[in-house]
file protein.txt (compact mmCIF, C-alpha atoms)
# COMPACT_ATOMS: atom_id res chain seq x y z
CA MET A 1 0.00 0.00 0.00
CA ASP A 2 2.86 2.30 0.86
CA LEU A 3 4.53 1.58 -2.46
CA TYR A 4 1.25 2.17 -4.26
CA TYR A 5 0.91 5.58 -2.57
CA LYS A 6 4.46 6.55 -3.47
CA TRP A 7 3.89 5.51 -7.06
CA LYS A 8 0.66 7.51 -7.17
CA VAL A 9 2.34 10.67 -5.88
CA TYR A 10 5.22 10.21 -8.29
CA PHE A 11 2.95 9.59 -11.22
CA THR A 12 0.66 12.52 -10.38
CA PHE A 13 3.66 14.83 -10.40
CA TYR A 14 5.03 13.13 -13.48
CA ILE A 15 1.95 13.87 -15.54
CA ARG A 16 1.28 17.20 -13.83
CA GLY A 17 0.89 18.88 -17.20
CA ASP A 18 -2.14 16.70 -17.91
CA VAL A 19 -3.87 17.26 -14.57
CA LEU A 20 -4.42 20.99 -15.07
CA LYS A 21 -6.17 21.72 -18.32
CA ASN A 22 -7.21 25.12 -19.58
CA ARG A 23 -9.58 26.74 -22.05
CA LEU A 24 -7.25 29.64 -22.81
CA GLU A 25 -7.00 29.05 -26.56
CA GLU A 26 -10.77 28.61 -26.85
CA LEU A 27 -11.47 31.84 -24.90
CA ARG A 28 -8.83 33.78 -26.80
CA LYS A 29 -10.24 32.71 -30.17
CA LYS A 30 -13.78 33.47 -28.98
CA HIS A 31 -12.69 37.03 -28.18
CA GLY A 32 -10.92 37.24 -31.55
CA ILE A 33 -7.49 38.24 -30.27
CA ASN A 34 -4.10 36.85 -31.16
CA GLN A 35 -1.37 35.56 -28.86
CA GLU A 36 0.72 38.72 -29.23
CA LYS A 37 -2.08 41.01 -28.10
CA LEU A 38 -3.02 38.79 -25.16
CA ALA A 39 0.62 38.53 -24.08
CA ASN A 40 1.09 42.28 -24.35
CA ASP A 41 -2.08 43.04 -22.37
CA LEU A 42 -1.18 40.57 -19.62
CA GLY A 43 2.46 41.68 -19.49
CA VAL A 44 3.94 38.28 -20.30
CA SER A 45 5.89 36.94 -23.26
CA ARG A 46 4.16 35.41 -26.28
CA GLN A 47 5.96 32.13 -25.61
CA THR A 48 4.30 31.96 -22.19
CA ILE A 49 0.86 32.16 -23.80
CA GLY A 50 1.88 29.50 -26.31
CA SER A 51 3.15 27.19 -23.56
CA LEU A 52 0.00 27.74 -21.49
CA GLU A 53 -2.21 26.85 -24.44
CA ASN A 54 -0.19 23.72 -25.16
CA GLY A 55 -0.38 22.70 -21.50
CA ARG A 56 3.41 22.62 -21.20
CA TYR A 57 3.44 25.29 -18.49
CA ASN A 58 1.18 25.90 -15.50
CA PRO A 59 0.82 29.57 -14.56
CA SER A 60 1.29 31.11 -11.14
CA ILE A 61 -1.93 31.82 -9.25
CA VAL A 62 -1.43 35.55 -9.95
CA LEU A 63 -1.22 35.05 -13.70
CA ALA A 64 -4.20 32.66 -13.54
CA PHE A 65 -6.27 35.40 -11.84
CA LYS A 66 -5.06 37.99 -14.37
CA ILE A 67 -6.16 35.76 -17.25
CA ALA A 68 -9.56 35.08 -15.66
CA ARG A 69 -10.17 38.79 -15.02
CA TYR A 70 -9.03 39.67 -18.53
CA PHE A 71 -11.77 37.49 -20.02
CA GLY A 72 -14.25 38.44 -17.28
CA VAL A 73 -14.81 34.88 -16.09
CA ASN A 74 -14.10 32.84 -12.98
CA ILE A 75 -10.74 31.17 -12.59
CA GLU A 76 -12.41 27.73 -12.73
CA ASP A 77 -13.89 28.61 -16.11
CA VAL A 78 -10.41 28.97 -17.57
CA PHE A 79 -8.43 26.38 -15.64
CA ILE A 80 -9.84 22.94 -15.02
CA TYR A 81 -8.23 20.78 -12.40
CA GLU A 82 -8.90 17.12 -12.96
CA GLU A 83 -8.04 14.81 -10.14
CA ILE A 84 -7.20 11.44 -11.57
CA ASP A 85 -7.94 8.71 -9.06
CA TYR A 86 -5.79 5.75 -10.02
CA GLY A 87 -7.20 3.76 -7.09
CA LYS A 88 -10.43 3.13 -8.98
CA ASN A 89 -8.78 1.28 -11.83
CA MET B 90 20.79 55.90 -10.25
CA GLU B 91 21.48 53.68 -13.23
CA LYS B 92 22.94 56.66 -15.08
CA THR B 93 25.30 57.53 -12.20
CA LYS B 94 26.41 53.91 -12.00
CA ASN B 95 27.13 53.87 -15.72
CA THR B 96 29.06 57.15 -15.57
CA MET B 97 31.09 55.76 -12.66
CA LYS B 98 31.89 52.67 -14.72
CA LEU B 99 32.98 54.86 -17.64
CA VAL B 100 35.23 57.03 -15.46
CA ILE B 101 36.77 54.10 -13.54
CA GLY B 102 37.24 52.12 -16.77
CA THR B 103 39.02 54.98 -18.52
CA ALA B 104 41.13 55.75 -15.43
CA LEU B 105 42.20 52.09 -15.09
CA PHE B 106 43.06 51.90 -18.78
CA VAL B 107 45.21 55.06 -18.65
CA LEU B 108 46.81 53.93 -15.36
CA GLY B 109 47.65 50.60 -16.99
CA LEU B 110 49.35 52.34 -19.93
CA VAL B 111 51.30 54.65 -17.60
CA LEU B 112 52.37 51.71 -15.42
CA ILE B 113 53.66 49.81 -18.45
CA LYS B 114 55.80 52.80 -19.38
CA VAL B 115 57.03 53.35 -15.81
CA SER B 116 57.65 49.77 -14.69
CA LYS B 117 59.69 48.50 -17.62
CA ASN B 118 61.74 45.33 -17.06
CA SER B 119 60.21 44.70 -13.63
CA LYS B 120 59.76 41.09 -12.68
CA ASP B 121 57.46 41.18 -9.64
CA ILE B 122 53.71 41.81 -9.63
CA MET B 123 54.26 45.04 -11.60
CA ALA B 124 54.98 42.92 -14.65
CA VAL B 125 51.36 41.68 -14.68
CA LEU B 126 49.35 44.36 -12.89
CA PRO B 127 49.32 46.99 -15.72
CA PHE B 128 47.87 44.45 -18.14
CA ILE B 129 45.19 43.46 -15.61
CA PHE B 130 44.35 47.17 -15.27
CA ILE B 131 44.10 47.56 -19.05
CA GLY B 132 41.90 44.46 -19.30
CA VAL B 133 39.50 45.45 -16.51
CA GLY B 134 39.48 49.10 -17.70
CA SER B 135 38.61 48.15 -21.26
CA GLY B 136 35.87 45.83 -19.98
CA LEU B 137 34.25 48.55 -17.85
CA PHE B 138 34.61 51.16 -20.64
CA GLY B 139 33.05 48.85 -23.23
CA GLU B 140 30.17 47.88 -20.93
CA SER B 141 29.31 51.50 -20.07
CA VAL B 142 29.43 52.65 -23.72
CA GLY B 143 27.26 49.67 -24.69
CA ASN B 144 24.78 50.50 -21.91
CA TYR B 145 24.67 54.16 -23.04
CA PHE B 146 23.73 53.30 -26.62
CA LYS B 147 21.25 50.66 -25.48
CA HIS B 148 19.58 53.16 -23.15
CA LYS B 149 19.46 55.80 -25.91
CA ASP B 150 17.86 53.29 -28.28
CA LEU B 151 15.27 52.24 -25.68
CA LEU B 152 14.35 55.87 -24.95
CA LYS B 153 13.58 56.39 -28.62
CA ASN B 154 11.54 53.20 -28.77
CA PRO B 155 9.24 52.79 -25.73
CA GLN B 156 7.45 49.75 -27.19
CA LYS B 157 10.77 47.94 -27.48
CA ALA B 158 11.63 48.97 -23.90
CA ARG B 159 8.33 47.56 -22.66
CA GLN B 160 8.92 44.34 -24.59
CA GLU B 161 12.36 44.02 -23.06
CA TYR B 162 10.94 44.60 -19.58
CA ILE B 163 8.29 41.93 -20.18
CA GLU B 164 10.88 39.42 -21.41
CA GLU B 165 13.00 40.12 -18.32
CA HIS B 166 10.14 39.85 -15.80
CA ASP B 167 8.04 37.19 -17.50
CA GLU B 168 7.30 34.49 -14.93
CA ARG B 169 7.97 31.63 -17.32
CA ASN B 170 11.33 33.11 -18.34
CA GLN B 171 12.23 33.56 -14.67
CA ALA B 172 11.23 29.98 -13.91
CA LEU B 173 13.30 28.78 -16.87
CA ARG B 174 16.33 30.75 -15.75
CA ASN B 175 16.04 29.43 -12.20
CA LYS B 176 15.64 25.86 -13.39
CA ALA B 177 18.66 26.23 -15.69
CA LYS B 178 20.68 27.59 -12.77
CA ALA B 179 19.61 24.67 -10.58
CA LYS B 180 20.60 22.17 -13.26
CA THR B 181 23.93 23.93 -13.74
CA TYR B 182 24.56 23.70 -9.99
CA ASN B 183 23.94 19.95 -10.07
CA LEU B 184 26.28 19.62 -13.03
CA PHE B 185 28.89 21.76 -11.28
CA GLN B 186 28.80 19.53 -8.19
CA TYR B 187 29.38 16.46 -10.34
CA ILE B 188 32.23 18.09 -12.29
CA PHE B 189 33.84 19.57 -9.18
CA ALA B 190 33.81 16.22 -7.36
CA ASN B 191 35.40 14.54 -10.38
CA ILE B 192 38.06 17.23 -10.69
CA LEU B 193 38.93 16.75 -7.01
CA LEU B 194 39.13 13.00 -7.48
CA GLY B 195 41.20 13.39 -10.66
CA PHE B 196 43.62 15.83 -9.04
CA GLY B 197 43.91 13.51 -6.06
CA LEU B 198 44.81 10.57 -8.31
CA MET B 199 47.26 12.72 -10.31
CA SER B 200 49.08 13.58 -7.04
CA VAL B 201 48.72 17.32 -7.61
CA ASP B 202 50.14 19.58 -4.88
CA LEU B 203 48.18 19.23 -1.69
CA TYR B 204 47.46 22.95 -1.31
CA ILE B 205 45.66 23.03 -4.69
CA ILE B 206 43.43 20.14 -3.61
CA ILE B 207 42.78 21.79 -0.23
CA VAL B 208 41.81 25.09 -1.91
CA LEU B 209 39.46 23.27 -4.30
CA ALA B 210 37.93 21.24 -1.46
CA MET B 211 37.41 24.44 0.55
CA LEU B 212 35.70 26.08 -2.43
CA TYR B 213 33.51 23.03 -2.88
CA LEU B 214 32.56 23.09 0.80
CA PHE B 215 31.93 26.85 0.70
CA LEU B 216 29.54 26.54 -2.23
CA THR B 217 27.77 23.57 -0.65
CA PHE B 218 27.30 25.54 2.57
CA ALA B 219 26.10 28.53 0.55
CA ASN B 220 23.46 26.23 -0.95
CA ILE B 221 22.35 25.10 2.53
CA TYR B 222 22.32 28.72 3.72
CA TYR B 223 20.07 29.81 0.87
CA ILE B 224 17.71 26.87 1.41
CA ASN B 225 17.33 27.89 5.07
CA LYS B 226 16.94 31.57 4.16
CA LEU B 227 14.26 30.80 1.58
CA GLN B 228 12.48 28.45 4.02
CA LYS B 229 11.89 31.46 6.25
CA GLU B 230 10.95 33.80 3.40
CA MET B 231 8.36 31.68 1.59

call {"tool": "encode", "arguments": {"input": "protein.txt", "output": "structure tokens"}}
result
Amino acid sequence: MDLYYKWKVYFTFYIRGDVLKNRLEELRKKHGINQEKLANDLGVSRQTIGSLENGRYNPSIVLAFKIARYFGVNIEDVFIYEEIDYGKN
Amino acid sequence: MEKTKNTMKLVIGTALFVLGLVLIKVSKNSKDIMAVLPFIFIGVGSGLFGESVGNYFKHKDLLKNPQKARQEYIEEHDERNQALRNKAKAKTYNLFQYIFANILLGFGLMSVDLYIIIVLAMLYLFLTFANIYYINKLQKEM
């Protein structure tokens, strides 16, 4: 059981990029703005927006709030945290 | 503040360069530290002079182009870029520890003078303790 728990923690961290999903690209396209404009308005680099959309990078809580406020939605509407329970399988 | 610092660099750089040239002329055929010191002065002086002139032109360019200045500020303070830099530094530190330990081992096997090995070991210990110090400091800060 202990080993199973360790493996679970390890694996959760290992696939961390998959646990937090976001609707940033969808929202951005809905508002009809490009990555450059969004990056400039939020005060981050364009690469950061690209990485966020690809799910390669998870933002800080401050940037997450900035993004949510920018689109006028709740933080949970942009970022979706999915807890994967490996115990069920 | 930044401007004063740059002017200081320019003045000190030029002064060191001129001092170096004068010392070469004065201390001809000397064999002690004066044989090397003027060239160190010239090297450091040129470095400071070059850096300050470079900074001056960069600053002038950024004043003319505020959008570029903003972009540069964003690139510098972007949280992903900062995280990348920190991660790269951490990886470099790990690499450095590995390399340093191997150099110590290699020097030990090559029977290099003991004082060289002691100095290297002290440096290694100092940097390791600096790492522990910063971990403790950051534990309290965040």

call {"tool": "closest_residue", "arguments": {"input": "protein.txt", "among": "A:Phe65, A:Tyr70, A:Tyr57, A:Phe79", "to": "Arg28 (chain A)", "atoms": "only C-alpha atoms"}}
result
A:Tyr70

call {"tool": "interface_residues", "arguments": {"input": "protein.txt", "of": "chain A", "to": "chain B", "cutoff": "10 Å", "atoms": "only C-alpha atoms", "output": "ChimeraX atom specification"}}
result
/A:39-40,42-49,51-52,57-60,63

call {"tool": "closest_residue", "arguments": {"input": "protein.txt", "among": "B:Ala172, B:Leu151, B:Lys157, B:Val100", "to": "Leu137 (chain B)", "atoms": "all atoms listed in the file"}}
result
B:Val100

call {"tool": "atom_distance", "arguments": {"input": "protein.txt", "atom1": "CA of Lys37 (chain A)", "atom2": "CA of Gln156 (chain B)"}}
result
13.0 Å

call {"tool": "atom_distance", "arguments": {"input": "protein.txt", "atom1": "CA of Val125 (chain B)", "atom2": "CA of Ile113 (chain B)"}}
result
9.3 Å

call {"tool": "atom_distance", "arguments": {"input": "protein.txt", "atom1": "CA of Gly134 (chain B)", "atom2": "CA of Lys120 (chain B)"}}
result
22.4 Å
